[in-house]
Amino acid sequence: MVSGAAPAARRTIRFAHTSVGESCDPGHLAAPAPVSRAWAWGGATGRGVRVCIVDSGVTAGHPQIGDGVRQLAAAREPAGSDPAAPRAWSITEDTGGDVAGHGTACAGIVRSLAPDCELTSVRVLGGNLQGNGDALLTALEWAVAERFALINVSLSTRREHFKERLHDLADEAWFAGVTLISAAHNSPVDSYPWRFPSVISVGAHAVADPERVESNPRPPVDFFALGVDVAAPWLGGATRRVSGNSFAAPHITGLCARILERHPGFGTPQLRHVLAATADNIAPRRPE
Amino acid sequence: MTSDQLDEILRSTVRLARLSFAAAAASVFVRDEEHGTLVFEASSGVGEDRLVGIAIPGDHGIAGWVANTGEPMVVRGAAEDARFDKGFAESTGLVPDVILAVPMEHRGEILGVLEVLDPEVEGIGDLDAMDLLTELANQSAAVLALSLAERRRPPARPEQDPLTRIAAAARQADGARGEAVQALLAAVADLLRTDR
């Protein structure tokens with residue numbers, strides 16, 4: 001390099017499901033003109049929209065979340081008279097709170113964008129639930145049956161034997177007007193449920209704007225939202241700054257809660273289209 | 001692969017992770033499915049002598065989340081937080097402000113967690129830092145998978161050894177059957193010329 005010359009721009013090589021800052025062709029949008037955010041969610045706070053957080057639990061009473069969070073957990077039913085018989089899974093009331101901090105952070109991010117939404121937490125970690133796809137499946141089955149408008153699931157499973165049941169469940173949610181919003185696995189691998197087209201999948205961008213949404217021109221990830229250095233509530237009433245795809249998904253969930261307050265008849269296809277049409281990385285339209 | 005070889009590879013992994021991010025420390029935790037814990041297998045930096053072999057709950061905290069979901073994360077701000085339970089961290093001699101944690105995955109199975117404490121990510125960014133550490137973790141995870149498979153393989157049972165089985169059966173034989181067995185074994189010994 002010649003002395004005094006500007007350093008070359010750093011090349012971005014990324015294997016992860018995260019933003020590289022590409023723009024999107026407006027020709028892919030089924031709208032004759034730009035869609036305004038004022039129409040999409042202007043002034044909305046998520047009031048009346050039921051949101052389920054499937055995660056590590058939520059710390060009740062955190063100042064950034066409040067007291068009004070229903071807390072449940074996926075649990076195995078007690079063993080019966082035959083100890084060899086498989087034990088069923090069910091959803092029970094939970095007093096375990098958050099075992100990792102992650103669920104509290106996700107709930108807080110949803111609340112920061114949609115402060116008036118109704119939050120329910122279903123814990124799928126802790127208490128011998130570790131690594132158990134059954135807990136995830138049980139939680140999602142319950143949440144879909146309960147017809148939550150939005151389900152935030154910032155985790156996934158790579159176990160193939162859960163794929164078919166999760167796929168059927170995601171389809172059921174789509175038809176029932178329940179929207180699943182799921183963090184894309186960080187690595188370039190297939191995991192579920194984010195990988196299904198019936199689920200809104202989210203990766204991270206690093207632009208410090210919680211309302212910035214990027215529509216991804218390269219499937220399978222649908223959108224990128226803020227997932228870097230996000231200020232979020234944590235265990236024990238604390239606050240942390242967190243990074244990861246799993247913190248991007250609740251930004252989209254919060255924005256969807258706002259959209260649903262203004263447009264309660266929308267399901268997954270409409271939400272996906274409104275998010276794409278209002279995305280920040282749509283290239284300028286060419287004159288007709 | 002011997003236990004020493006695995007230790008050497010994991011030690012190299014944590015040193016490389018620490019060097020890559022000019023970090024205060026780096027550690028590898030391995031999942032112990034039987035006990036539901038995460039066990040420190042290797043560590044570099046502050047507290048390294050005291051950590052190896054220590055087990056922590058497998059489903060709690062940042063490492064627990066990463067070990068159970070396979071999702072990496074960066075968490076900042078523990079040092080600014082007076083309410084943070086620093087007990088365990090202080091016992092290791094380090095209270096980290098920043099934790100970068102990624103899974104060690106091999107063929108879809110999460111074997112452990114690679115964690116870097118107080119990494120320097122200025123100029124790299126969290127997304128690239130997670131990507132870089134994930135690839136480093138994947139490289140070691142392939143070796144770790146091989147070693148864990150060997151550890152989990154049940155040891156050969158003594159009764160599977162044919163000579164041991166014959167000796168046990170011979171000891172149990174009595175009466176005319178016992179005499180016949182002894183004669184047969186003597187003939188075999190002669191045949192094999194065991195006196196030479």
# chains A, B, ... in the order shown; residues from 1 in each chain; ligands from 1
>>> residues_around(residues="A:Ala232", least_positions_apart="2", cutoff="10 Å", atoms="only C-alpha atoms", output="PDB file with C-alpha atoms, in the first residue's frame")
ATOM      1  CA  GLN A  64     -38.907  -3.241  31.280  1.00  0.00           C
ATOM      2  CA  GLY A 101     -31.765 -14.619  30.691  1.00  0.00           C
ATOM      3  CA  HIS A 102     -32.544 -15.209  27.031  1.00  0.00           C
ATOM      4  CA  THR A 104     -36.389 -12.183  29.456  1.00  0.00           C
ATOM      5  CA  ALA A 105     -34.344 -10.388  26.801  1.00  0.00           C
ATOM      6  CA  CYS A 106     -36.690 -11.508  24.006  1.00  0.00           C
ATOM      7  CA  ALA A 107     -39.817 -10.489  25.972  1.00  0.00           C
ATOM      8  CA  GLY A 108     -38.250  -7.117  26.728  1.00  0.00           C
ATOM      9  CA  ILE A 109     -37.450  -6.491  23.060  1.00  0.00           C
ATOM     10  CA  VAL A 110     -41.057  -7.283  22.068  1.00  0.00           C
ATOM     11  CA  SER A 112     -39.926  -2.168  23.743  1.00  0.00           C
ATOM     12  CA  ASP A 229     -25.636  -4.783  20.732  1.00  0.00           C
ATOM     13  CA  VAL A 230     -29.316  -4.687  21.654  1.00  0.00           C
ATOM     14  CA  TRP A 234     -31.816  -9.681  31.867  1.00  0.00           C
ATOM     15  CA  ALA A 238     -30.564  -6.180  35.229  1.00  0.00           C
ATOM     16  CA  THR A 239     -29.944  -4.970  31.680  1.00  0.00           C
ATOM     17  CA  ARG A 240     -27.467  -6.349  29.164  1.00  0.00           C
ATOM     18  CA  ARG A 241     -26.426  -5.580  25.604  1.00  0.00           C
ATOM     19  CA  VAL A 242     -26.864  -8.715  23.567  1.00  0.00           C
ATOM     20  CA  PHE A 247     -32.563 -11.169  19.466  1.00  0.00           C
TER      21      PHE A 247
ATOM     22  CA  VAL B  75     -23.700 -10.634  26.125  1.00  0.00           C
TER      23      VAL B  75
END
>>> closest_atom_pairs(of="chain B", to="chain A", cutoff="8 Å", atoms="only C-alpha atoms", output="CSV")
residue,atom,partner,partner_atom,distance
B:Gly36,CA,A:Asn128,CA,7.6
B:Gly58,CA,A:Gln130,CA,7.6
B:Asp59,CA,A:Gly126,CA,5.2
B:His60,CA,A:Ala100,CA,5.1
B:Gly61,CA,A:Ala100,CA,4.1
B:Ile62,CA,A:Ala100,CA,6.0
B:Gly64,CA,A:Ala100,CA,7.0
B:Trp65,CA,A:Ala100,CA,6.2
B:Ala67,CA,A:Gly131,CA,8.0
B:Asn68,CA,A:Gly131,CA,4.7
B:Thr69,CA,A:Leu155,CA,6.0
B:Gly70,CA,A:His185,CA,8.0
B:Glu71,CA,A:Asn186,CA,6.3
B:Pro72,CA,A:Gly244,CA,6.4
B:Met73,CA,A:Gly244,CA,4.9
B:Val74,CA,A:Ser243,CA,4.9
B:Val75,CA,A:Val242,CA,4.5
B:Arg76,CA,A:Arg241,CA,4.9
B:Gly77,CA,A:Arg240,CA,5.2
B:Ala78,CA,A:Arg240,CA,7.0
B:Asp81,CA,A:Ala238,CA,6.7
B:Arg83,CA,A:Gly236,CA,7.0
B:Phe84,CA,A:Gly236,CA,7.7
B:Gly108,CA,A:Arg158,CA,5.8
B:Asp126,CA,A:Val228,CA,6.6
B:Leu127,CA,A:Val228,CA,7.4
B:Asp128,CA,A:Arg14,CA,7.1
B:Asp131,CA,A:Ala16,CA,6.2
B:Thr134,CA,A:Ser187,CA,7.9
>>> write_last_selection(atoms="C-alpha atoms", output="tab-separated table (two decimals), in the first residue's frame")
chain	number	residue	atom	x	y	z
B	36	GLY	CA	-27.07	-32.88	32.95
B	58	GLY	CA	-26.23	-27.82	31.89
B	59	ASP	CA	-29.39	-25.81	31.34
B	60	HIS	CA	-28.67	-22.51	33.05
B	61	GLY	CA	-27.04	-19.27	32.06
B	62	ILE	CA	-25.46	-18.25	28.79
B	64	GLY	CA	-26.63	-23.49	29.10
B	65	TRP	CA	-28.66	-21.66	26.47
B	67	ALA	CA	-25.51	-25.80	24.71
B	68	ASN	CA	-29.22	-26.49	24.41
B	69	THR	CA	-30.16	-24.44	21.36
B	70	GLY	CA	-26.97	-24.29	19.29
B	71	GLU	CA	-27.43	-20.55	18.92
B	72	PRO	CA	-24.40	-18.34	19.55
B	73	MET	CA	-24.63	-15.07	21.41
B	74	VAL	CA	-22.69	-12.13	22.77
B	75	VAL	CA	-23.70	-10.63	26.13
B	76	ARG	CA	-22.23	-7.38	27.42
B	77	GLY	CA	-22.58	-5.35	30.57
B	78	ALA	CA	-22.12	-7.74	33.49
B	81	ASP	CA	-24.31	-4.45	36.96
B	83	ARG	CA	-26.69	-7.10	41.05
B	84	PHE	CA	-24.81	-9.62	38.93
B	108	GLY	CA	-26.27	-31.73	14.22
B	126	ASP	CA	-20.25	-9.14	16.75
B	127	LEU	CA	-21.66	-10.94	13.67
B	128	ASP	CA	-18.23	-11.68	12.21
B	131	ASP	CA	-19.07	-16.50	12.67
B	134	THR	CA	-18.30	-20.82	15.34
>>> residues_around(residues="B:Ala137", least_positions_apart="2", cutoff="12 Å", atoms="only C-alpha atoms", output="short mmCIF file (atom, residue, chain, number, x, y, z; two decimals) with C-alpha atoms, in the first residue's frame")
data_model
loop_
_atom_site.label_atom_id
_atom_site.label_comp_id
_atom_site.auth_asym_id
_atom_site.auth_seq_id
_atom_site.Cartn_x
_atom_site.Cartn_y
_atom_site.Cartn_z
CA SER A 187 -24.88 -21.26 11.01
CA ILE B 9 -6.29 -30.22 20.70
CA LEU B 10 -8.75 -28.55 23.05
CA SER B 12 -4.85 -25.40 21.31
CA THR B 13 -8.46 -24.45 20.51
CA VAL B 14 -8.88 -22.26 23.57
CA LEU B 16 -6.32 -19.90 19.39
CA ALA B 17 -9.73 -18.52 20.39
CA ALA B 26 -11.34 -18.80 26.71
CA SER B 27 -12.87 -22.12 27.74
CA VAL B 28 -14.37 -25.27 26.31
CA PHE B 29 -17.31 -26.85 28.13
CA VAL B 30 -18.38 -30.37 27.18
CA GLY B 70 -26.97 -24.29 19.29
CA PRO B 72 -24.40 -18.34 19.55
CA ALA B 101 -20.34 -18.08 23.39
CA VAL B 102 -20.82 -20.47 20.44
CA PRO B 103 -21.84 -24.12 20.19
CA MET B 104 -19.46 -26.95 19.35
CA GLU B 105 -21.58 -28.91 16.88
CA HIS B 106 -20.85 -32.03 14.91
CA ILE B 110 -24.24 -30.11 20.19
CA LEU B 111 -21.25 -31.50 22.06
CA GLY B 112 -20.25 -28.45 24.04
CA VAL B 113 -19.69 -24.71 24.14
CA LEU B 114 -16.67 -22.57 23.29
CA GLU B 115 -16.71 -19.38 25.31
CA VAL B 116 -14.43 -16.33 25.05
CA MET B 130 -19.63 -15.13 16.17
CA ASP B 131 -19.07 -16.50 12.67
CA LEU B 132 -15.31 -16.80 13.19
CA LEU B 133 -15.57 -18.46 16.59
CA THR B 134 -18.30 -20.82 15.34
CA GLU B 135 -16.01 -22.12 12.59
CA GLN B 139 -13.19 -27.63 13.66
CA SER B 140 -12.54 -28.84 17.20
CA ALA B 141 -15.98 -30.39 17.49
CA ALA B 142 -15.14 -32.96 14.82
CA VAL B 143 -12.19 -34.15 16.92
CA LEU B 144 -14.21 -33.94 20.12
CA ALA B 145 -16.93 -36.13 18.57
#
>>> residues_around(residues="B:Glu120", least_positions_apart="2", cutoff="8 Å", atoms="only C-alpha atoms", output="list in words")
Phe21, Ala22, Ala23, Asp118 and Glu122 of chain B
>>> select_by_dssp(residues="stretch 68-180 of chain B", states="strand (DSSP E)", output="PyMOL selection string")
chain B and resi 73-76+98-106+109-117
>>> write_last_selection(atoms="C-alpha atoms", output="compact mmCIF listing (two decimals), in the first residue's frame")
# COMPACT_ATOMS: atom_id res chain seq x y z
CA MET B 73 -24.63 -15.07 21.41
CA VAL B 74 -22.69 -12.13 22.77
CA VAL B 75 -23.70 -10.63 26.13
CA ARG B 76 -22.23 -7.38 27.42
CA VAL B 98 -18.35 -9.48 27.75
CA ILE B 99 -19.11 -13.13 27.02
CA LEU B 100 -18.98 -14.53 23.47
CA ALA B 101 -20.34 -18.08 23.39
CA VAL B 102 -20.82 -20.47 20.44
CA PRO B 103 -21.84 -24.12 20.19
CA MET B 104 -19.46 -26.95 19.35
CA GLU B 105 -21.58 -28.91 16.88
CA HIS B 106 -20.85 -32.03 14.91
CA GLU B 109 -25.33 -32.77 17.72
CA ILE B 110 -24.24 -30.11 20.19
CA LEU B 111 -21.25 -31.50 22.06
CA GLY B 112 -20.25 -28.45 24.04
CA VAL B 113 -19.69 -24.71 24.14
CA LEU B 114 -16.67 -22.57 23.29
CA GLU B 115 -16.71 -19.38 25.31
CA VAL B 116 -14.43 -16.33 25.05
CA LEU B 117 -14.38 -13.81 27.90
